[in-house]
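Colleague: Here you go, one structure.
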Amino acid sequence: MFAASRFAPAAWVAFALALLVTLSLAMPAHAREREARYGDDNIAVELFADGMPRAGEEWMLALQFTPSAPEWHGYWSNPGDAGLGMVVELDLPEGWVAGDALYPVPQTLLISGLMNHIYEGQYSVLIPVSVPNDAVIDGLPQVTGFAEYLACTDQICVPQDSVLSAGQGGDFARWRAEIAPALDAGASFELNSTNLRLSIPLPASVDLAAPHVFIANERLVDYAAVQTFRRDGDALIVEIPLSEYRADDPSAIGGMLSFGENAGVEFGAIPGEVPTGGTMIAGPVGIETPPLWTLIFGALIGGLILNIMPCVFPILSLKAMALVRAGGSEGEARVEGVAYTTGVVLACIALGGIMLALRAAGEQVGWAFQLQSPSVVIVLMVLAAAITANFAGLFELPSIDTGYGVRKGAGGAFATGLLAAVAATPCTGPFMAAALGAALLLPVPQALLLFAMLGLGLALPFLALGFVPALRRMLPKPGAWMERFRRIMAIPMGLTTLALIWLMVQLGGRGFAMFALVMLFGILLAFAVVGRLQRAGKMAWPAFGLVAAPFLIFGAFSLPYSYQPGGDKSARESLLTPQEFSRDALADARASGQPVFVWFTADWCVTCKVNESVAIEREVTANAFEEAGVIAIVGDWTIRDEEITGFLTEQGAAGVPLYLWYEPGEEPEQMPQVLTSDMLAERASRAR
C-alpha cells in the first residue's frame with residue numbers, strides 16, 4: 001500500500017505505473033500463467049460471460065468491479081490528471097478477437113486542483129468479442145485472463161491485480177443499459193491557440209442538468225478547467241481549454257458527454273467546422289446570463305453613464321460644441337441628432353463585432369482591445385492632437401463637427417459620433433460591465449444588439465436634444481462666448497493627447513514614444529500651414545500632404561524598429577507591493593489562508609487610474625492591508641495578455657477595471673468599479 005501525498009498525487013501514480021509495467025515485463029506472455037501479486041482486496045473483480053457464444057456473432061464479456069468499502073474508487077480508460085487506467089489480457093480461442101472495452105459514464109473527482117475520472121461504487125465494463133464464422137463451439141469456452149488496475153481513496157492508492165476466469169451469470173441487461181450509447185451522427189472539432197471546440201449533434205430536447213465532457217485522448221485538454229457549453233439548435237457547442245502539455249494535434253477525438261446523474265453518450269469527432277455563438281447553458285462559475293431585457297437595459301444605462309465617466313470627458317468637449325450648434329431649425333437638429341446617433345451606434349457595433357470575430361478565431365481579447373495595439377494608439381494620438389489644434393484655432397478640420405468646422409450638418413455629426421464611440425471604449429461602467437460580459441457568451445445577433453444599445457445610451461443626450469425643442473431652448477444662445485468656449489475645450493483634448501503619449505511609453509518604451517512625437521510634430525506643423533492658408537483664403541490641403549509626408553515616412557520606418565514590447569515598467573511602483581497576476585500566484589495566495597485582493601488595470605483606462613490614485617495607492621489602504629495580512633495581486637492588461645483575458649471572461653467581465661476580494665476558503669466577491677480607500681480599509685479590518 002502506498003501513502004499518497006495530497007499535494008503530489010501524480011508522483012505515486014507514476015510509481016505505481018512503473019511498478020506495474022516492470023512486473024508485466026517479468027511475467028510470461030499468457031495471462032493464464034500469471035499470478036496475482038497484490039490481489040483485489042480493495043476492489044474485487046469478476047469476469048462474466050453473456051450466455052453461450054454463437055459462430056459469426058458478437059459475444060459479450062463483462063468485468064464487474066466491487067469496492068470493499070464506499071471510499072474506494074476505480075478509473076476510466078483515461079484516468080485524468082492522476083490515476084491509472086485498467087489493463088486486461090484475455091486468453092481467447094484462436095481467431096476470436098476482443099474489441100475495445102465499453103465503459104459507463106465516469107464521474108469527476110477534483111483533489112488539490114487535479115481532476116480524476118473515476119467510478120464510485122460497483123461498476124461494470126463490457127468487452128465485446130468477435131466470434132469467427134467457422135468457430136466450432138462445444139459448450140462454454142474456457143476464457144481466462146489477467147487484470148491490472150488501481151484502487152484509490154482520496155488519500156491513498158494501491159495497485160490491484162487478479163487472475164480471471166469467465167463464468168456465466170451476471171446482470172447483463174442492467175450492465176448494457178449502464179454503458180454510454182454511441183451517437184449515430186459524428187461530431188466535429190476545431191483546435192485554436194487556447195481551446196478545443198466541439199460540435200456534438202444532440203437534440204435540443206435533451207436535458208443537460210450538469211454537462212461534462214470526458215476526452216479519451218490523453219494530455220489533450222486541461223481536465224480541471226471549466227468547460228463552456230452552448231446550444232445552437234440541435235448542436236451542442238463545447239469549449240475546453242487545452243493542456244499546456246499536449247503533444248501533436250490529433251486527427252480524431254473520442255470521448256463521453258455526461259448529462260449528469262450517470263447518464264450520457266459516447267462520441268467520436270473529426271476535424272470540421274464548429275459554429276460560433278449559441279445560447280449559454282453552462283460555463284465558468286459565476287457567469288450566469290441574466291434575461292436579455294435586463295442586459296439591454298444595463299447596456300443602455302451603461303452607455304448613458306459613459307457620458308459622465310472620467311475616461312469619456314474628452315469627448316464631452318466635442319459634444320458640448322455640437323450641442324451649442326443645435327440652435328438651428330428643428331429639422332436640422334433632428335437630422336444631426338440621428339446622424340450623431342448613427343455614428344455612435346455603428347462604431348459600437350463594429351467594435352463589438354470585431355471583438356467577437358477575434359474571439360471566435362481563438363484570440364483572447366476584450367472590450368477596448370484596440371487600445372492594446374500601439375498602431376491604434378498612435379492613430380488616436382494624432383487624431384486627438386489634430387482636434388486639440390482645431391479647437392485652439394490652429395486650423396479648421398472639415399470632417400469633425402466642432403461647431404466651427406468647414407463642414408457641418410449630418411456628415412459632421414456622424415463623424416463626431418464615430419469618434420465619441422472610439423474614445424469611450426476604454427471604460428466599463430457599473431451597469432455596462434454585466435452586459436458586455438454577457439455579450440461574450442450570447443449568440444452573435446443578441447451580442448451585437450447589446451453593443452448597439454450601448455451606443456444608443458452613449459448617444460442618447462444629443463439625440464434627445466435633437467428631438468426635444470424644450471431641451472434645446474435651455475442651451476445658451478450663440479455668441480462671442482462660443483469662441484472662448486471652443487478654445488477652453490482644447491485643454492481636455494490636449495490632456496488626452498498627453499495621456500496617449502504616456503500610454504505609448506508604457507506600450508513601447510521611451511524611444512518609441514519619442515519617434516512618435518517627432519512624427520506628430522511634423523503633422524501639427526502641416527496643420528499650422530493649412531490654417532495659415534485657410535485664413536488667407538487659399539487652397540490649403542495639398543500643402544498638408546507636402547509638409548506631413550516626410551514625417552509620416554519617417555514614422556513608418558522608425559516606429560516599428562523602436563518598439564519595445566512591454567514598454568517602460570521602471571516607474572511602475574505600488575504602496576501595496578503586489579504580486580503580478582497569474583493563476584498559479586492566485587492559487588498560492590489563496591492556499592496561504594490569508595485574504596487576497598486582486599485588481600485588474602490598464603494604463604489606458606482612466607477609471608482604473610482614478611481608482612488607484614484615490615483608493616488603492618493610499619497609505620491608509622496599505623496600512624490596513626499590512627495589519628490584516630492581505631495579499632495584493634495586480635493584473636496589468638495594458639498589453640494583451642491571454643491569461644488575464646481568459647480570467648476576466650470567467651468572471652463575466654469584458655474589460656477593466658475589475659476588483660476581486662477573496663476571503664480565506666471562499667469564492668471571490670466582485671467589488672464596485674468605483675472604489676474608495678475607506679471601502680478597502682474597512683474590508684481589510686473585517687478580515688483581521
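Simple scheme: letters A, B, ... for chains in C-alpha cells order, numbers from 1 for residues in each chain, numbers from 1 for ligands in the order shown.
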Pull the helix (DSSP H, G or I) assignments for stretch 90-277 of chain A out of DSSP run on the backbone, and list those residues as a ChimeraX atom specification.

Modeller: /A:172-178

Colleague: Counting only C-alpha atoms, which residue out of A:Ala247, A:Ala480, A:Ala69, A:Leu524 sits closest to A:Gln122?

Modeller: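 Using only C-alpha atoms, the shortest distance to A:Gln122 belongs to A:Ala69.
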
Colleague: Do a neighbour search on stretch 134-147 of chain A at 6 Å with only C-alpha atoms, toss out local chain neighbours closer than 3 positions, and write the hits as a VMD selection string.

Modeller: chain A and resid 31 to 32 52 55 87 to 92 161 to 166

Colleague: For a quick check of understanding, using only C-alpha atoms, which of A:Asp81, A:Asp154, A:Glu46, A:Asp588 has the smallest distance to A:Gln168?

Modeller: A:Glu46

Colleague: Restricting the calculation to only C-alpha atoms, which member of A:Thr341, A:Thr294, A:Ser77, A:Gln160 is positioned closest to A:Val45?

Modeller: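 Once distances to A:Val45 are computed over only C-alpha atoms, the minimum belongs to A:Gln160.
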
Colleague: From the list A:Ile631, A:Ala299, A:Ala177, A:Val610, which residue is nearest A:Val674 when using only C-alpha atoms?

Modeller: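 Closest to A:Val674, using only C-alpha atoms: A:Val610.
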
Colleague: So, counting only C-alpha atoms, which residue among A:Ser130, A:Arg683, A:Met482, A:Ala410 is closest to A:Gly331?

Modeller: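 Of the candidates, the smallest distance to A:Gly331 is held by A:Ala410.
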
Colleague: Under the rule that only C-alpha atoms are counted, which of A:Asn78, A:Thr276, A:Thr342, A:Thr388 is the nearest residue to A:Gly411?

Modeller: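 Smallest separation from A:Gly411 among the options: A:Thr342.
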
Colleague: Using the chain letters and numbers from this document, which residues of stretch 97-137 of chain A does DSSP assign to strand (DSSP E or B), as a list in words?

Modeller: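 Output for stretch 97-137 of chain A, strand (DSSP E or B) only: Val97, Ala98, Leu102, Pro104, Gln107, Thr108, Leu109, Leu110, Ile111, Leu114, Met115, Asn116, His117, Ile118, Tyr119, Glu120, Tyr123, Ser124, Val125, Leu126, Ile127, Pro128, Val129 and Ser130 of chain A.
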
Colleague: With only C-alpha atoms as the counted atoms, please give the residues lying no more than 7 Å from stretch 106-116 of chain A, apart from itself and same-chain residues fewer than 5 positions off, as a list in words.

Modeller: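 So the residues in contact are Arg6, Phe7, Trp76, Pro79, Gly80, Asp81, Ala82, Gly83, Tyr223 and Ala224 of chain A.
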
Colleague: Only N, CA and C atoms, please: the residues just picked out, written as a PDB file, in the first residue's frame.

Modeller:
```
ATOM      1  N   ARG A   6      -1.202  14.441  -0.694  1.00  0.00           N
ATOM      2  CA  ARG A   6      -2.327  15.145  -1.318  1.00  0.00           C
ATOM      3  C   ARG A   6      -1.842  16.246  -2.235  1.00  0.00           C
ATOM      4  N   PHE A   7      -0.570  16.663  -2.128  1.00  0.00           N
ATOM      5  CA  PHE A   7      -0.054  17.741  -2.968  1.00  0.00           C
ATOM      6  C   PHE A   7       0.729  17.213  -4.151  1.00  0.00           C
ATOM      7  N   TRP A  76     -11.632   5.402 -15.162  1.00  0.00           N
ATOM      8  CA  TRP A  76     -11.986   5.282 -16.582  1.00  0.00           C
ATOM      9  C   TRP A  76     -10.716   4.987 -17.380  1.00  0.00           C
ATOM     10  N   PRO A  79      -7.633   8.196 -17.072  1.00  0.00           N
ATOM     11  CA  PRO A  79      -7.904   8.481 -15.660  1.00  0.00           C
ATOM     12  C   PRO A  79      -7.921   9.958 -15.315  1.00  0.00           C
ATOM     13  N   GLY A  80      -7.436  10.832 -16.209  1.00  0.00           N
ATOM     14  CA  GLY A  80      -7.373  12.252 -15.910  1.00  0.00           C
ATOM     15  C   GLY A  80      -5.982  12.675 -15.484  1.00  0.00           C
ATOM     16  N   ASP A  81      -5.909  13.640 -14.566  1.00  0.00           N
ATOM     17  CA  ASP A  81      -4.609  14.154 -14.118  1.00  0.00           C
ATOM     18  C   ASP A  81      -3.857  13.158 -13.259  1.00  0.00           C
ATOM     19  N   ALA A  82      -4.545  12.239 -12.607  1.00  0.00           N
ATOM     20  CA  ALA A  82      -3.904  11.246 -11.748  1.00  0.00           C
ATOM     21  C   ALA A  82      -4.700   9.955 -11.846  1.00  0.00           C
ATOM     22  N   GLY A  83      -4.067   8.847 -11.467  1.00  0.00           N
ATOM     23  CA  GLY A  83      -4.749   7.569 -11.545  1.00  0.00           C
ATOM     24  C   GLY A  83      -4.125   6.687 -12.609  1.00  0.00           C
ATOM     25  N   TYR A 223      -7.898  18.944 -17.882  1.00  0.00           N
ATOM     26  CA  TYR A 223      -9.038  18.223 -17.319  1.00  0.00           C
ATOM     27  C   TYR A 223      -9.758  19.014 -16.233  1.00  0.00           C
ATOM     28  N   ALA A 224      -9.009  19.812 -15.463  1.00  0.00           N
ATOM     29  CA  ALA A 224      -9.604  20.531 -14.343  1.00  0.00           C
ATOM     30  C   ALA A 224     -10.225  21.859 -14.743  1.00  0.00           C
TER      31      ALA A 224
END
```

Colleague: Pick out the residues sitting within 8 Å of A:Ser685, and hand them over as a list in words; count only C-alpha atoms, and ignore anything fewer than 3 positions along from it in its own chain.

Modeller: Ala624, Ala628, Ala681, Glu682 and Arg688 of chain A

Colleague: Keeping only N, CA and C atoms, take the residues you just selected and write them out as a PDB file, in the first residue's frame.

Modeller:
```pdb
ATOM      1  N   ALA A 624      -3.795  49.261   6.324  1.00  0.00           N
ATOM      2  CA  ALA A 624      -4.864  48.313   6.649  1.00  0.00           C
ATOM      3  C   ALA A 624      -4.558  46.927   6.083  1.00  0.00           C
ATOM      4  N   ALA A 628      -3.848  43.419   8.322  1.00  0.00           N
ATOM      5  CA  ALA A 628      -4.724  42.262   8.127  1.00  0.00           C
ATOM      6  C   ALA A 628      -4.040  41.129   7.374  1.00  0.00           C
ATOM      7  N   ALA A 681     -10.089  49.708   3.259  1.00  0.00           N
ATOM      8  CA  ALA A 681      -9.613  49.597   4.633  1.00  0.00           C
ATOM      9  C   ALA A 681     -10.637  48.884   5.510  1.00  0.00           C
ATOM     10  N   GLU A 682     -11.923  49.178   5.307  1.00  0.00           N
ATOM     11  CA  GLU A 682     -12.971  48.534   6.096  1.00  0.00           C
ATOM     12  C   GLU A 682     -13.031  47.039   5.785  1.00  0.00           C
ATOM     13  N   ARG A 688      -9.348  40.880   9.770  1.00  0.00           N
ATOM     14  CA  ARG A 688      -8.381  40.691  10.864  1.00  0.00           C
ATOM     15  C   ARG A 688      -8.925  39.745  11.926  1.00  0.00           C
TER      16      ARG A 688
END
```

Colleague: Pick out the residues sitting within 8 Å of A:Ile301, and hand them over as a list in words; count only C-alpha atoms, and ignore anything fewer than 2 positions along from it in its own chain.

Modeller: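 So, after excluding close chain neighbours, the residues are Phe297, Gly298, Ala299, Gly303, Leu304, Ile305, Phe431, Met432, Leu454 and Gly457 of chain A.
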
Colleague: Residues of stretch 517-619 of chain A that approach stretch 652-669 of chain A to 8 Å or less, counting only C-alpha atoms: could you list each one with the shortest pair of atoms and its distance in Å to one decimal, rows by chain and increasing residue number, as CSV?

Modeller:
```
residue,atom,partner,partner_atom,distance
A:Arg590,CA,A:Pro664,CA,6.5
A:Gly593,CA,A:Pro664,CA,5.1
A:Gln594,CA,A:Pro664,CA,5.7
A:Pro595,CA,A:Glu663,CA,4.8
A:Val596,CA,A:Tyr662,CA,4.9
A:Phe597,CA,A:Trp661,CA,4.8
A:Val598,CA,A:Leu660,CA,5.1
A:Trp599,CA,A:Tyr659,CA,4.5
A:Phe600,CA,A:Leu658,CA,5.2
A:Thr601,CA,A:Pro657,CA,5.4
A:Ala602,CA,A:Val656,CA,7.1
A:Cys605,CA,A:Val656,CA,7.3
A:Thr607,CA,A:Pro657,CA,7.2
A:Cys608,CA,A:Pro657,CA,5.5
```

Colleague: Please report the interatomic distance between atom CA of A:Val344 and atom CA of A:Ala452 in Å with one decimal.

Modeller: 8.6 Å
